[in-house]
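Chemist: Next up is a structure, given as structure tokens.
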Amino acid sequence: MPTSPKWETPYPALTDSASMDDQISAMAFSLDNIAKDVPQGTLANRPVSTVGTPGKVGRYYYATDYAVLFRDFGTGWRLASSVEFGTTLPSNPEDDMLYDYLASDALGIVWRLKYNSLQPTYKWEFQGNGPSLFAETTGTSGLDQYAYSSMSGPAIAIPLAGEYDLEFGGHLSINRAGGGVAAMSPRLSIWLNASDDDAVYHDQQVFYNPGPFHIQGRMEAFGSRLKRVIVPAPYTVEIKYRLFAGLGPALFSERWLKATPVRVG
Amino acid sequence: MAATPRAAIPYPVVGDAPNLPLQMEAIALNLEDQAKDDQGTFSARPISTPGTPGKAGRYYWATDKRVLYRDLGTSWVTVYKNENSTTLPTTPTDCTLATLEILDTDTSNPFEITHWTFRYVSTEPTYKWLFVGGPPIAITLPNQYLFIRNSTSYGNIDPSLNVNPGIPAPSCFIPFPGIYEIEYGANMYNYGFGVDNGAALSLQFPASGPEDPASDNDSVMIHSVGTGADTDVHIMHHHCRRILKKTITPGGGGGSVRFQGKALGGGTATYRGLHMSIRPIQIASS
């Protein structure tokens with residue numbers, strides 16, 4: 001039998017033997033994999049496709065009230081004209097695939113990610129200046145020790161391994177009513193690698209007094225910084241604190257922490 | 001007649017009464033729902049208008065625009081659509097994406113149009129439109145624009161008349177109620193003559209009623225207080241920067257977030273290089 005030029009649908013020619021059943025069934029089976037576009041209508045009128053009441057794989061339905069195209073995968077409908085949304089990255093993505101990842105349901109944070117197989121490790125690239133995970137701790141806390149330690153956060157649960165921009169800051173101050181010293185310096189750092197390399201400084205030179213009197217009194221200021229880090233697995237990032245020099249307590253208030261993905265996977 | 005397993009296309013089998021027209025009609029009617037697809041330049045796309053109807057369910061790939069269109073029967077629509085609008089859809093569903101066009105009516109800000117893309121999530125309790133992406137609304141002033149506040153309580157900061165006369169304090173427009181991320185700061189100092197000198201900078205937020213006043217909780221500040229034997233005057237210049245997460249509920253038509261300041265220990269709090277940027281986290285449609 002000859003076939004049509006585009007979809008190669010078979011049809012009988014005059015020279016074929018007269019077997020109508022075979023010829024029509026050949027045509028019908030050939031057409032079985034052609035996409036269907038069932039009559040458009042409202043979303044409420046979309047045909048049923050569930051596990052219990054299977055639909056038809058490869059069928060499309062256009063919801064006129066939402067201007068959205070759906071595709072039937074046999075036991076449910078999926079969006080064909082929008083970006084998929086969920087809390088688990090697709091396991092077999094194609095390059096350029098978009099996915100809206102719900103990074104935090106509680107905080108209402110969605111990250112739009114785009115798949116790029118050329119990335120060596122973290123192949124889902126963050127798109128479009130979307131929202132960041134953010135946490136803050138109000139009120140004032142003080143400490144009087146030189147080792148980094150926790151003080152009520154703030155902390156952020158990083159949900160996916162990847163590369164992130166972490167920004168953090170806060171209000172740092174010292175208050176010595178008497179018996180001051182030449183230099184005092186409160187510092188805060190992120191706990192991912194709580195070292196002075198990660199710290200926000202309240203520069204001790206600001207407090208330095210070369211005269212006969214040591215510093216007494218109070219000095220305070222806001223500080224902040226940005227650091228790009230690798231988070232190799234889901235992890236809770238937290239701000240930790242220390243007094244670098246002099247006598248405490250070092251005081252910290254209005255602390256904030258922000259995490260923005262660069263690429264994840 | 002039997003039917004194919006996937007699309008249920010009927011076909012005759014041995015034992016059926018021979019009726020070619022009826023059997024072909026059954027196939028033809030089944031194929032009425034067949035998706036048609038063609039491609040070519042946009043200008044070659046077939047006509048589909050109320051006056052010259054097309055065929056509902058037909059697809060066309062415009063090779064020059066790289067866009068897939070679907071024929072509604074009386075017009076074409078893009079399959080993947082995310083049109084700009086100054087309002088959000090009133091009857092969204094969980095698949096709805098919308099790009100909001102922000103027309104900044106705040107005259108203190110150089111007029112700009114900003115586009116924010118949102119995704120509707122019906123399970124969110126209050127602010128159901130989650131931000132997907134877009135640039136922040138931002139203002140940045142150069143350092144020569146100097147503003148002052150001569151009071152120890154929060155209030156509007158004023159232009160220093162001998163430096164930048166007539167330049168109002170900047171502010172940022174918020175279109176809808178929601179939760180926003182705000183980044184702001186300035187280079188701050190206070191040339192007071194006592195041992196207690198400082199400057200605080202905070203924000204006043206729009207509300208459906210009286211505006212939500214500036215507070216220390218939302219502020220950045222520098223402050224130096226000498227006591228005891230140390231009576232030297234301490235003056236600090238410092239660029240303070242902070243990021244805030246804030247629920248803002250302006251009335252209909254939106255409102256503006258404004259800088260407010262106060263002098264700590266008296267004197268004059270001074271601000272240079274003011275900057276503020278705002279982007280949403282999640283919002284309501286009105």
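FYI, nothing fancy with the structure tokens labels: chains A, B, ... in order, residues from 1 per chain, ligands from 1 as they appear.
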For chain A, work out the contacting residues on chain B at 6 Å, counting only C-alpha atoms, and write them as a ChimeraX atom specification.

Modeler: /B:7,9,11-13,33-35,57,79-80,132-134,221-227,230,240,281

Chemist: Can you pull out the residues contacting A:Pro93? Cut-off 7 Å, using only C-alpha atoms, and skip same-chain residues under 3 positions away; I want them as a list of chain:residue names.

Modeler: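 With the cut-off at 7 Å, the set is A:Pro90, A:Met97, A:Tyr115.
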
Chemist: Fewer than 3 positions away in the same chain doesn't count, so skip those; otherwise give me all residues within 12 Å of B:Ser75, counting only C-alpha atoms, as number ranges by chain.

Modeler: B: 45-59, 69-72, 78

Chemist: Run DSSP on the backbone and tell me which residues of stretch 65-235 of chain A come out as strand (DSSP E); list them as an mmCIF file with N, CA, C and O atoms, in the first residue's frame.

Modeler:
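Dumped to part.cif:
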```
data_model
loop_
_atom_site.group_PDB
_atom_site.id
_atom_site.type_symbol
_atom_site.label_atom_id
_atom_site.label_comp_id
_atom_site.auth_asym_id
_atom_site.auth_seq_id
_atom_site.Cartn_x
_atom_site.Cartn_y
_atom_site.Cartn_z
ATOM 1 N N VAL A 68 -4.852 27.967 28.903
ATOM 2 C CA VAL A 68 -3.785 27.013 29.215
ATOM 3 C C VAL A 68 -4.039 25.709 28.461
ATOM 4 O O VAL A 68 -5.184 25.261 28.353
ATOM 5 N N LEU A 69 -2.967 25.102 27.935
ATOM 6 C CA LEU A 69 -3.049 23.829 27.223
ATOM 7 C C LEU A 69 -2.586 22.700 28.142
ATOM 8 O O LEU A 69 -1.533 22.799 28.784
ATOM 9 N N PHE A 70 -3.387 21.621 28.202
ATOM 10 C CA PHE A 70 -3.038 20.449 29.002
ATOM 11 C C PHE A 70 -2.798 19.256 28.081
ATOM 12 O O PHE A 70 -3.368 19.173 26.993
ATOM 13 N N ARG A 71 -1.967 18.300 28.551
ATOM 14 C CA ARG A 71 -1.759 17.055 27.824
ATOM 15 C C ARG A 71 -2.127 15.892 28.745
ATOM 16 O O ARG A 71 -1.752 15.859 29.918
ATOM 17 N N ASP A 72 -2.864 14.952 28.183
ATOM 18 C CA ASP A 72 -3.291 13.763 28.918
ATOM 19 C C ASP A 72 -2.177 12.718 28.856
ATOM 20 O O ASP A 72 -1.736 12.335 27.768
ATOM 21 N N TRP A 77 -3.689 14.736 33.897
ATOM 22 C CA TRP A 77 -3.358 15.814 32.965
ATOM 23 C C TRP A 77 -2.137 16.570 33.468
ATOM 24 O O TRP A 77 -1.981 16.769 34.671
ATOM 25 N N ARG A 78 -1.303 16.986 32.541
ATOM 26 C CA ARG A 78 -0.157 17.834 32.886
ATOM 27 C C ARG A 78 -0.215 19.089 32.032
ATOM 28 O O ARG A 78 -0.688 19.080 30.903
ATOM 29 N N LEU A 79 0.364 20.168 32.583
ATOM 30 C CA LEU A 79 0.441 21.419 31.835
ATOM 31 C C LEU A 79 1.367 21.265 30.638
ATOM 32 O O LEU A 79 2.477 20.767 30.760
ATOM 33 N N GLU A 84 6.183 23.462 34.909
ATOM 34 C CA GLU A 84 5.838 22.534 35.975
ATOM 35 C C GLU A 84 6.300 23.092 37.326
ATOM 36 O O GLU A 84 7.264 23.857 37.411
ATOM 37 N N PHE A 85 5.641 22.643 38.370
ATOM 38 C CA PHE A 85 5.815 23.212 39.696
ATOM 39 C C PHE A 85 5.848 22.072 40.705
ATOM 40 O O PHE A 85 5.081 21.111 40.591
ATOM 41 N N GLY A 86 6.743 22.111 41.676
ATOM 42 C CA GLY A 86 6.752 21.063 42.680
ATOM 43 C C GLY A 86 7.926 21.178 43.628
ATOM 44 O O GLY A 86 8.666 22.180 43.629
ATOM 45 N N LEU A 98 12.413 24.252 31.972
ATOM 46 C CA LEU A 98 12.155 25.147 33.097
ATOM 47 C C LEU A 98 11.386 24.390 34.174
ATOM 48 O O LEU A 98 10.567 23.512 33.871
ATOM 49 N N TYR A 99 11.643 24.739 35.419
ATOM 50 C CA TYR A 99 10.930 24.114 36.527
ATOM 51 C C TYR A 99 10.816 25.133 37.650
ATOM 52 O O TYR A 99 11.791 25.790 38.008
ATOM 53 N N ASP A 100 9.605 25.266 38.198
ATOM 54 C CA ASP A 100 9.387 26.148 39.345
ATOM 55 C C ASP A 100 9.467 25.312 40.616
ATOM 56 O O ASP A 100 8.561 24.521 40.902
ATOM 57 N N TYR A 101 10.561 25.499 41.347
ATOM 58 C CA TYR A 101 10.818 24.696 42.545
ATOM 59 C C TYR A 101 10.344 25.457 43.786
ATOM 60 O O TYR A 101 10.738 26.605 44.011
ATOM 61 N N LEU A 102 9.492 24.800 44.571
ATOM 62 C CA LEU A 102 8.989 25.412 45.805
ATOM 63 C C LEU A 102 10.050 25.222 46.887
ATOM 64 O O LEU A 102 10.120 24.178 47.535
ATOM 65 N N ALA A 103 10.907 26.234 47.050
ATOM 66 C CA ALA A 103 12.025 26.119 47.996
ATOM 67 C C ALA A 103 11.548 26.141 49.431
ATOM 68 O O ALA A 103 12.176 25.554 50.313
ATOM 69 N N SER A 104 10.476 26.849 49.702
ATOM 70 C CA SER A 104 9.920 26.884 51.062
ATOM 71 C C SER A 104 8.437 27.172 50.976
ATOM 72 O O SER A 104 8.049 28.271 50.564
ATOM 73 N N ILE A 109 8.391 30.683 48.903
ATOM 74 C CA ILE A 109 9.517 30.975 48.017
ATOM 75 C C ILE A 109 9.539 29.993 46.848
ATOM 76 O O ILE A 109 9.620 28.777 47.046
ATOM 77 N N VAL A 110 9.466 30.528 45.627
ATOM 78 C CA VAL A 110 9.569 29.724 44.408
ATOM 79 C C VAL A 110 10.834 30.131 43.661
ATOM 80 O O VAL A 110 11.101 31.319 43.490
ATOM 81 N N TRP A 111 11.614 29.123 43.234
ATOM 82 C CA TRP A 111 12.793 29.395 42.410
ATOM 83 C C TRP A 111 12.548 28.863 41.005
ATOM 84 O O TRP A 111 12.271 27.671 40.839
ATOM 85 N N ARG A 112 12.661 29.695 40.021
ATOM 86 C CA ARG A 112 12.572 29.227 38.629
ATOM 87 C C ARG A 112 13.961 28.762 38.191
ATOM 88 O O ARG A 112 14.921 29.537 38.198
ATOM 89 N N LEU A 113 14.049 27.506 37.816
ATOM 90 C CA LEU A 113 15.323 26.883 37.454
ATOM 91 C C LEU A 113 15.289 26.442 35.999
ATOM 92 O O LEU A 113 14.233 26.064 35.483
ATOM 93 N N LYS A 114 16.439 26.471 35.365
ATOM 94 C CA LYS A 114 16.562 26.047 33.968
ATOM 95 C C LYS A 114 17.695 25.033 33.882
ATOM 96 O O LYS A 114 18.796 25.278 34.378
ATOM 97 N N TYR A 115 17.419 23.904 33.221
ATOM 98 C CA TYR A 115 18.388 22.816 33.191
ATOM 99 C C TYR A 115 19.454 23.063 32.134
ATOM 100 O O TYR A 115 19.140 23.441 30.992
ATOM 101 N N TRP A 124 21.021 22.819 37.440
ATOM 102 C CA TRP A 124 19.810 23.650 37.389
ATOM 103 C C TRP A 124 20.201 25.086 37.729
ATOM 104 O O TRP A 124 20.538 25.393 38.870
ATOM 105 N N GLU A 125 20.117 25.951 36.728
ATOM 106 C CA GLU A 125 20.553 27.342 36.916
ATOM 107 C C GLU A 125 19.369 28.203 37.350
ATOM 108 O O GLU A 125 18.275 28.100 36.797
ATOM 109 N N PHE A 126 19.646 29.064 38.295
ATOM 110 C CA PHE A 126 18.632 29.984 38.815
ATOM 111 C C PHE A 126 18.328 31.054 37.764
ATOM 112 O O PHE A 126 19.236 31.612 37.142
ATOM 113 N N LEU A 133 15.700 32.972 50.032
ATOM 114 C CA LEU A 133 15.340 32.571 51.391
ATOM 115 C C LEU A 133 15.882 33.620 52.346
ATOM 116 O O LEU A 133 17.011 34.102 52.167
ATOM 117 N N PHE A 134 15.104 33.985 53.345
ATOM 118 C CA PHE A 134 15.491 35.092 54.209
ATOM 119 C C PHE A 134 15.070 34.784 55.638
ATOM 120 O O PHE A 134 14.006 34.233 55.878
ATOM 121 N N ALA A 135 15.927 35.139 56.594
ATOM 122 C CA ALA A 135 15.596 34.976 58.016
ATOM 123 C C ALA A 135 16.204 36.135 58.784
ATOM 124 O O ALA A 135 17.235 36.685 58.381
ATOM 125 N N GLU A 136 15.562 36.516 59.856
ATOM 126 C CA GLU A 136 16.105 37.594 60.667
ATOM 127 C C GLU A 136 15.802 37.325 62.137
ATOM 128 O O GLU A 136 14.859 36.611 62.481
ATOM 129 N N THR A 137 16.626 37.902 62.989
ATOM 130 C CA THR A 137 16.442 37.794 64.437
ATOM 131 C C THR A 137 16.452 39.196 65.009
ATOM 132 O O THR A 137 17.426 39.934 64.842
ATOM 133 N N THR A 138 15.358 39.573 65.651
ATOM 134 C CA THR A 138 15.279 40.909 66.240
ATOM 135 C C THR A 138 15.666 40.841 67.716
ATOM 136 O O THR A 138 15.840 39.763 68.285
ATOM 137 N N GLY A 139 15.764 42.000 68.325
ATOM 138 C CA GLY A 139 16.185 42.042 69.719
ATOM 139 C C GLY A 139 17.696 41.987 69.820
ATOM 140 O O GLY A 139 18.397 41.742 68.838
ATOM 141 N N THR A 140 18.201 42.219 71.026
ATOM 142 C CA THR A 140 19.644 42.312 71.237
ATOM 143 C C THR A 140 20.138 41.143 72.082
ATOM 144 O O THR A 140 19.518 40.794 73.084
ATOM 145 N N SER A 141 21.247 40.552 71.631
ATOM 146 C CA SER A 141 21.902 39.503 72.405
ATOM 147 C C SER A 141 23.368 39.870 72.563
ATOM 148 O O SER A 141 23.958 40.496 71.677
ATOM 149 N N GLY A 142 23.964 39.461 73.679
ATOM 150 C CA GLY A 142 25.359 39.769 73.914
ATOM 151 C C GLY A 142 26.166 38.537 74.247
ATOM 152 O O GLY A 142 25.613 37.540 74.716
ATOM 153 N N LEU A 143 27.464 38.582 73.975
ATOM 154 C CA LEU A 143 28.329 37.490 74.393
ATOM 155 C C LEU A 143 29.701 38.048 74.717
ATOM 156 O O LEU A 143 30.063 39.154 74.307
ATOM 157 N N SER A 149 30.066 31.343 68.512
ATOM 158 C CA SER A 149 28.996 30.585 69.154
ATOM 159 C C SER A 149 27.641 31.046 68.622
ATOM 160 O O SER A 149 27.526 32.110 67.994
ATOM 161 N N SER A 150 26.620 30.241 68.876
ATOM 162 C CA SER A 150 25.265 30.542 68.406
ATOM 163 C C SER A 150 24.582 31.530 69.335
ATOM 164 O O SER A 150 24.861 31.566 70.532
ATOM 165 N N MET A 151 23.665 32.309 68.760
ATOM 166 C CA MET A 151 22.834 33.209 69.566
ATOM 167 C C MET A 151 21.499 33.407 68.854
ATOM 168 O O MET A 151 21.256 34.415 68.213
ATOM 169 N N SER A 152 20.643 32.414 68.937
ATOM 170 C CA SER A 152 19.272 32.518 68.407
ATOM 171 C C SER A 152 19.223 32.802 66.913
ATOM 172 O O SER A 152 18.351 33.533 66.436
ATOM 173 N N GLY A 153 20.149 32.263 66.158
ATOM 174 C CA GLY A 153 20.099 32.449 64.709
ATOM 175 C C GLY A 153 20.516 33.831 64.288
ATOM 176 O O GLY A 153 21.300 34.475 64.991
ATOM 177 N N PRO A 154 20.008 34.284 63.162
ATOM 178 C CA PRO A 154 19.047 33.615 62.285
ATOM 179 C C PRO A 154 19.688 32.464 61.529
ATOM 180 O O PRO A 154 20.910 32.412 61.385
ATOM 181 N N ALA A 155 18.813 31.553 61.061
ATOM 182 C CA ALA A 155 19.276 30.377 60.335
ATOM 183 C C ALA A 155 18.349 30.124 59.152
ATOM 184 O O ALA A 155 17.172 30.491 59.181
ATOM 185 N N ILE A 156 18.895 29.512 58.115
ATOM 186 C CA ILE A 156 18.126 29.179 56.913
ATOM 187 C C ILE A 156 18.411 27.727 56.548
ATOM 188 O O ILE A 156 19.570 27.316 56.467
ATOM 189 N N ALA A 157 17.344 26.965 56.323
ATOM 190 C CA ALA A 157 17.491 25.579 55.847
ATOM 191 C C ALA A 157 17.639 25.611 54.325
ATOM 192 O O ALA A 157 16.698 25.952 53.613
ATOM 193 N N ILE A 158 18.841 25.282 53.845
ATOM 194 C CA ILE A 158 19.092 25.219 52.404
ATOM 195 C C ILE A 158 18.537 23.879 51.899
ATOM 196 O O ILE A 158 18.996 22.821 52.340
ATOM 197 N N GLY A 162 24.140 22.842 46.169
ATOM 198 C CA GLY A 162 24.392 23.774 45.078
ATOM 199 C C GLY A 162 25.308 24.898 45.482
ATOM 200 O O GLY A 162 25.964 24.868 46.529
ATOM 201 N N GLU A 163 25.345 25.893 44.605
ATOM 202 C CA GLU A 163 26.163 27.079 44.831
ATOM 203 C C GLU A 163 25.216 28.220 45.185
ATOM 204 O O GLU A 163 24.217 28.440 44.490
ATOM 205 N N TYR A 164 25.533 28.936 46.244
ATOM 206 C CA TYR A 164 24.623 29.966 46.756
ATOM 207 C C TYR A 164 25.379 31.263 47.053
ATOM 208 O O TYR A 164 26.556 31.240 47.414
ATOM 209 N N ASP A 165 24.651 32.373 46.909
ATOM 210 C CA ASP A 165 25.126 33.648 47.426
ATOM 211 C C ASP A 165 24.493 33.853 48.796
ATOM 212 O O ASP A 165 23.258 33.912 48.924
ATOM 213 N N LEU A 166 25.329 33.934 49.820
ATOM 214 C CA LEU A 166 24.843 34.198 51.173
ATOM 215 C C LEU A 166 25.175 35.635 51.530
ATOM 216 O O LEU A 166 26.316 36.070 51.389
ATOM 217 N N GLU A 167 24.180 36.374 51.932
ATOM 218 C CA GLU A 167 24.385 37.745 52.431
ATOM 219 C C GLU A 167 23.922 37.762 53.882
ATOM 220 O O GLU A 167 22.901 37.158 54.229
ATOM 221 N N PHE A 168 24.657 38.470 54.704
ATOM 222 C CA PHE A 168 24.252 38.546 56.102
ATOM 223 C C PHE A 168 24.763 39.836 56.711
ATOM 224 O O PHE A 168 25.708 40.459 56.210
ATOM 225 N N GLY A 169 24.120 40.215 57.789
ATOM 226 C CA GLY A 169 24.529 41.457 58.433
ATOM 227 C C GLY A 169 23.790 41.659 59.738
ATOM 228 O O GLY A 169 22.980 40.824 60.159
ATOM 229 N N GLY A 170 24.071 42.789 60.370
ATOM 230 C CA GLY A 170 23.412 43.091 61.624
ATOM 231 C C GLY A 170 24.007 44.320 62.270
ATOM 232 O O GLY A 170 24.940 44.942 61.752
ATOM 233 N N HIS A 171 23.448 44.612 63.400
ATOM 234 C CA HIS A 171 23.857 45.783 64.178
ATOM 235 C C HIS A 171 24.837 45.299 65.248
ATOM 236 O O HIS A 171 24.498 44.449 66.071
ATOM 237 N N LEU A 172 26.066 45.806 65.191
ATOM 238 C CA LEU A 172 27.119 45.368 66.109
ATOM 239 C C LEU A 172 27.484 46.521 67.037
ATOM 240 O O LEU A 172 27.630 47.661 66.583
ATOM 241 N N SER A 173 27.660 46.220 68.320
ATOM 242 C CA SER A 173 28.051 47.311 69.221
ATOM 243 C C SER A 173 28.808 46.762 70.422
ATOM 244 O O SER A 173 28.743 45.575 70.744
ATOM 245 N N ILE A 174 29.548 47.661 71.059
ATOM 246 C CA ILE A 174 30.177 47.364 72.338
ATOM 247 C C ILE A 174 29.805 48.481 73.292
ATOM 248 O O ILE A 174 29.530 49.604 72.887
ATOM 249 N N ASN A 175 29.770 48.167 74.561
ATOM 250 C CA ASN A 175 29.360 49.160 75.557
ATOM 251 C C ASN A 175 30.186 48.953 76.817
ATOM 252 O O ASN A 175 29.973 48.005 77.559
ATOM 253 N N ARG A 176 31.163 49.819 77.028
ATOM 254 C CA ARG A 176 32.007 49.721 78.224
ATOM 255 C C ARG A 176 31.825 50.995 79.040
ATOM 256 O O ARG A 176 32.272 52.065 78.651
ATOM 257 N N SER A 185 36.287 44.571 69.372
ATOM 258 C CA SER A 185 35.758 44.286 68.043
ATOM 259 C C SER A 185 34.789 43.126 68.080
ATOM 260 O O SER A 185 35.200 41.979 68.181
ATOM 261 N N PRO A 186 33.494 43.376 67.983
ATOM 262 C CA PRO A 186 32.545 42.287 67.814
ATOM 263 C C PRO A 186 32.526 41.832 66.353
ATOM 264 O O PRO A 186 32.702 42.644 65.442
ATOM 265 N N ARG A 187 32.330 40.549 66.131
ATOM 266 C CA ARG A 187 32.286 40.032 64.771
ATOM 267 C C ARG A 187 31.177 38.998 64.666
ATOM 268 O O ARG A 187 30.891 38.278 65.615
ATOM 269 N N LEU A 188 30.570 38.900 63.518
ATOM 270 C CA LEU A 188 29.636 37.817 63.258
ATOM 271 C C LEU A 188 30.007 37.167 61.941
ATOM 272 O O LEU A 188 30.586 37.787 61.061
ATOM 273 N N SER A 189 29.692 35.891 61.849
ATOM 274 C CA SER A 189 30.097 35.112 60.690
ATOM 275 C C SER A 189 29.036 34.074 60.398
ATOM 276 O O SER A 189 28.215 33.755 61.255
ATOM 277 N N ILE A 190 29.034 33.517 59.182
ATOM 278 C CA ILE A 190 28.118 32.432 58.880
ATOM 279 C C ILE A 190 28.747 31.112 59.308
ATOM 280 O O ILE A 190 29.949 30.924 59.210
ATOM 281 N N VAL A 200 31.827 39.595 59.345
ATOM 282 C CA VAL A 200 31.552 41.021 59.239
ATOM 283 C C VAL A 200 32.240 41.690 60.416
ATOM 284 O O VAL A 200 32.019 41.316 61.560
ATOM 285 N N TYR A 201 33.068 42.647 60.154
ATOM 286 C CA TYR A 201 33.862 43.273 61.196
ATOM 287 C C TYR A 201 33.230 44.588 61.640
ATOM 288 O O TYR A 201 32.689 45.317 60.838
ATOM 289 N N GLY A 217 32.673 53.768 76.956
ATOM 290 C CA GLY A 217 31.463 54.230 76.321
ATOM 291 C C GLY A 217 30.940 53.227 75.323
ATOM 292 O O GLY A 217 31.228 52.037 75.387
ATOM 293 N N ARG A 218 30.159 53.731 74.375
ATOM 294 C CA ARG A 218 29.471 52.827 73.466
ATOM 295 C C ARG A 218 29.740 53.247 72.029
ATOM 296 O O ARG A 218 29.738 54.436 71.704
ATOM 297 N N MET A 219 29.974 52.273 71.161
ATOM 298 C CA MET A 219 30.063 52.530 69.729
ATOM 299 C C MET A 219 29.315 51.425 69.021
ATOM 300 O O MET A 219 29.386 50.264 69.381
ATOM 301 N N GLU A 220 28.578 51.812 68.005
ATOM 302 C CA GLU A 220 27.754 50.830 67.320
ATOM 303 C C GLU A 220 27.583 51.210 65.857
ATOM 304 O O GLU A 220 27.658 52.383 65.491
ATOM 305 N N ALA A 221 27.348 50.183 65.030
ATOM 306 C CA ALA A 221 27.138 50.416 63.608
ATOM 307 C C ALA A 221 26.572 49.156 62.968
ATOM 308 O O ALA A 221 26.635 48.065 63.548
ATOM 309 N N PHE A 222 26.024 49.321 61.786
ATOM 310 C CA PHE A 222 25.564 48.181 60.998
ATOM 311 C C PHE A 222 26.692 47.697 60.100
ATOM 312 O O PHE A 222 27.478 48.488 59.578
ATOM 313 N N GLY A 223 26.742 46.386 59.888
ATOM 314 C CA GLY A 223 27.680 45.807 58.940
ATOM 315 C C GLY A 223 26.994 44.713 58.140
ATOM 316 O O GLY A 223 26.015 44.124 58.578
ATOM 317 N N SER A 224 27.500 44.445 56.952
ATOM 318 C CA SER A 224 26.940 43.376 56.135
ATOM 319 C C SER A 224 27.973 42.941 55.113
ATOM 320 O O SER A 224 28.930 43.657 54.829
ATOM 321 N N ARG A 225 27.788 41.750 54.559
ATOM 322 C CA ARG A 225 28.669 41.303 53.493
ATOM 323 C C ARG A 225 28.017 40.169 52.706
ATOM 324 O O ARG A 225 27.004 39.602 53.113
ATOM 325 N N LEU A 226 28.652 39.856 51.575
ATOM 326 C CA LEU A 226 28.191 38.815 50.664
ATOM 327 C C LEU A 226 29.286 37.768 50.515
ATOM 328 O O LEU A 226 30.474 38.101 50.445
ATOM 329 N N LYS A 227 28.885 36.506 50.462
ATOM 330 C CA LYS A 227 29.850 35.447 50.226
ATOM 331 C C LYS A 227 29.216 34.369 49.360
ATOM 332 O O LYS A 227 28.095 33.938 49.634
ATOM 333 N N ARG A 228 29.925 33.946 48.301
ATOM 334 C CA ARG A 228 29.449 32.846 47.460
ATOM 335 C C ARG A 228 30.042 31.546 47.983
ATOM 336 O O ARG A 228 31.257 31.447 48.173
ATOM 337 N N VAL A 229 29.176 30.557 48.208
ATOM 338 C CA VAL A 229 29.630 29.320 48.844
ATOM 339 C C VAL A 229 29.052 28.113 48.116
ATOM 340 O O VAL A 229 28.041 28.200 47.419
ATOM 341 N N ILE A 230 29.709 26.980 48.292
ATOM 342 C CA ILE A 230 29.196 25.688 47.860
ATOM 343 C C ILE A 230 28.537 25.014 49.061
ATOM 344 O O ILE A 230 29.142 24.896 50.126
ATOM 345 N N VAL A 231 27.311 24.595 48.890
ATOM 346 C CA VAL A 231 26.617 23.820 49.914
ATOM 347 C C VAL A 231 26.450 22.412 49.348
ATOM 348 O O VAL A 231 25.615 22.175 48.476
ATOM 349 N N TYR A 235 21.362 21.719 54.044
ATOM 350 C CA TYR A 235 22.119 22.139 55.219
ATOM 351 C C TYR A 235 21.470 23.381 55.811
ATOM 352 O O TYR A 235 20.872 24.186 55.094
#
```

Chemist: Applying 8 Å and only C-alpha atoms, which residues near stretch 113-126 of chain B remain after dropping the ones on its own chain fewer than 5 positions away? List them as a list in words.

Modeler: Gly108 of chain A; Asn84, Pro92, Thr93, Asp94, Cys95, Thr96, Leu97, Ala98, Thr99, Leu100, Glu101, Ile102, Leu103, Asp104, Phe131, Val132, Gly133, Gly134, Pro135, Pro136, Ile137 and Ala284 of chain B

Chemist: Might you pull out every residue within 8 Å of B:Tyr191, with only C-alpha atoms counted and same-chain residues fewer than 4 positions away left off, and present them as a VMD selection string?

Modeler: chain B and resid 197 235 267 to 269

Chemist: For a test of reading the model, state the distance in Å between atom CA of B:Ile148 and atom CA of B:Arg241, rounded to one decimal.

Modeler: 17.7 Å

Chemist: Atom CA of B:Ala138 and atom CA of B:Tyr154, how far apart in Å?

Modeler: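 Taking atom CA of B:Tyr154 and atom CA of B:Ala138, their separation equals 22.7 Å.
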
Chemist: If I take atom CA of A:Asn116 and atom CA of B:Leu130, how far is one from the other in Å, to one decimal?

Modeler: 24.3 Å

Chemist: Between A:Thr15, A:Ala147, A:Leu160, A:Pro232, single out the one closest to A:Ser195, counting only C-alpha atoms.

Modeler: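 Once distances to A:Ser195 are computed over only C-alpha atoms, the minimum belongs to A:Ala147.
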
Chemist: If we count only C-alpha atoms and set the cut-off at 12 Å, which residues sit around B:Thr270, ignoring sequence neighbours fewer than 2 positions away in its own chain? Please answer as a PyMOL selection string.

Modeler: chain B and resi 143-151+157-160+163+186-192+197-201+221-222+235-239+260-264+266-268+272-274

Chemist: For B:Asp216, please output as a PDB file with C-alpha atoms, in the first residue's frame all residues within 8 Å (counting only C-alpha atoms; exclusion window: fewer than 3 positions along the same chain).

Modeler:
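Result written to result04.pdb:
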```pdb
ATOM      1  CA  ALA B 200      19.531  56.374  62.433  1.00  0.00           C
ATOM      2  CA  SER B 202      14.513  53.770  58.978  1.00  0.00           C
ATOM      3  CA  SER B 219      16.500  50.834  61.183  1.00  0.00           C
ATOM      4  CA  VAL B 220      20.190  51.039  60.504  1.00  0.00           C
TER       5      VAL B 220
END
```
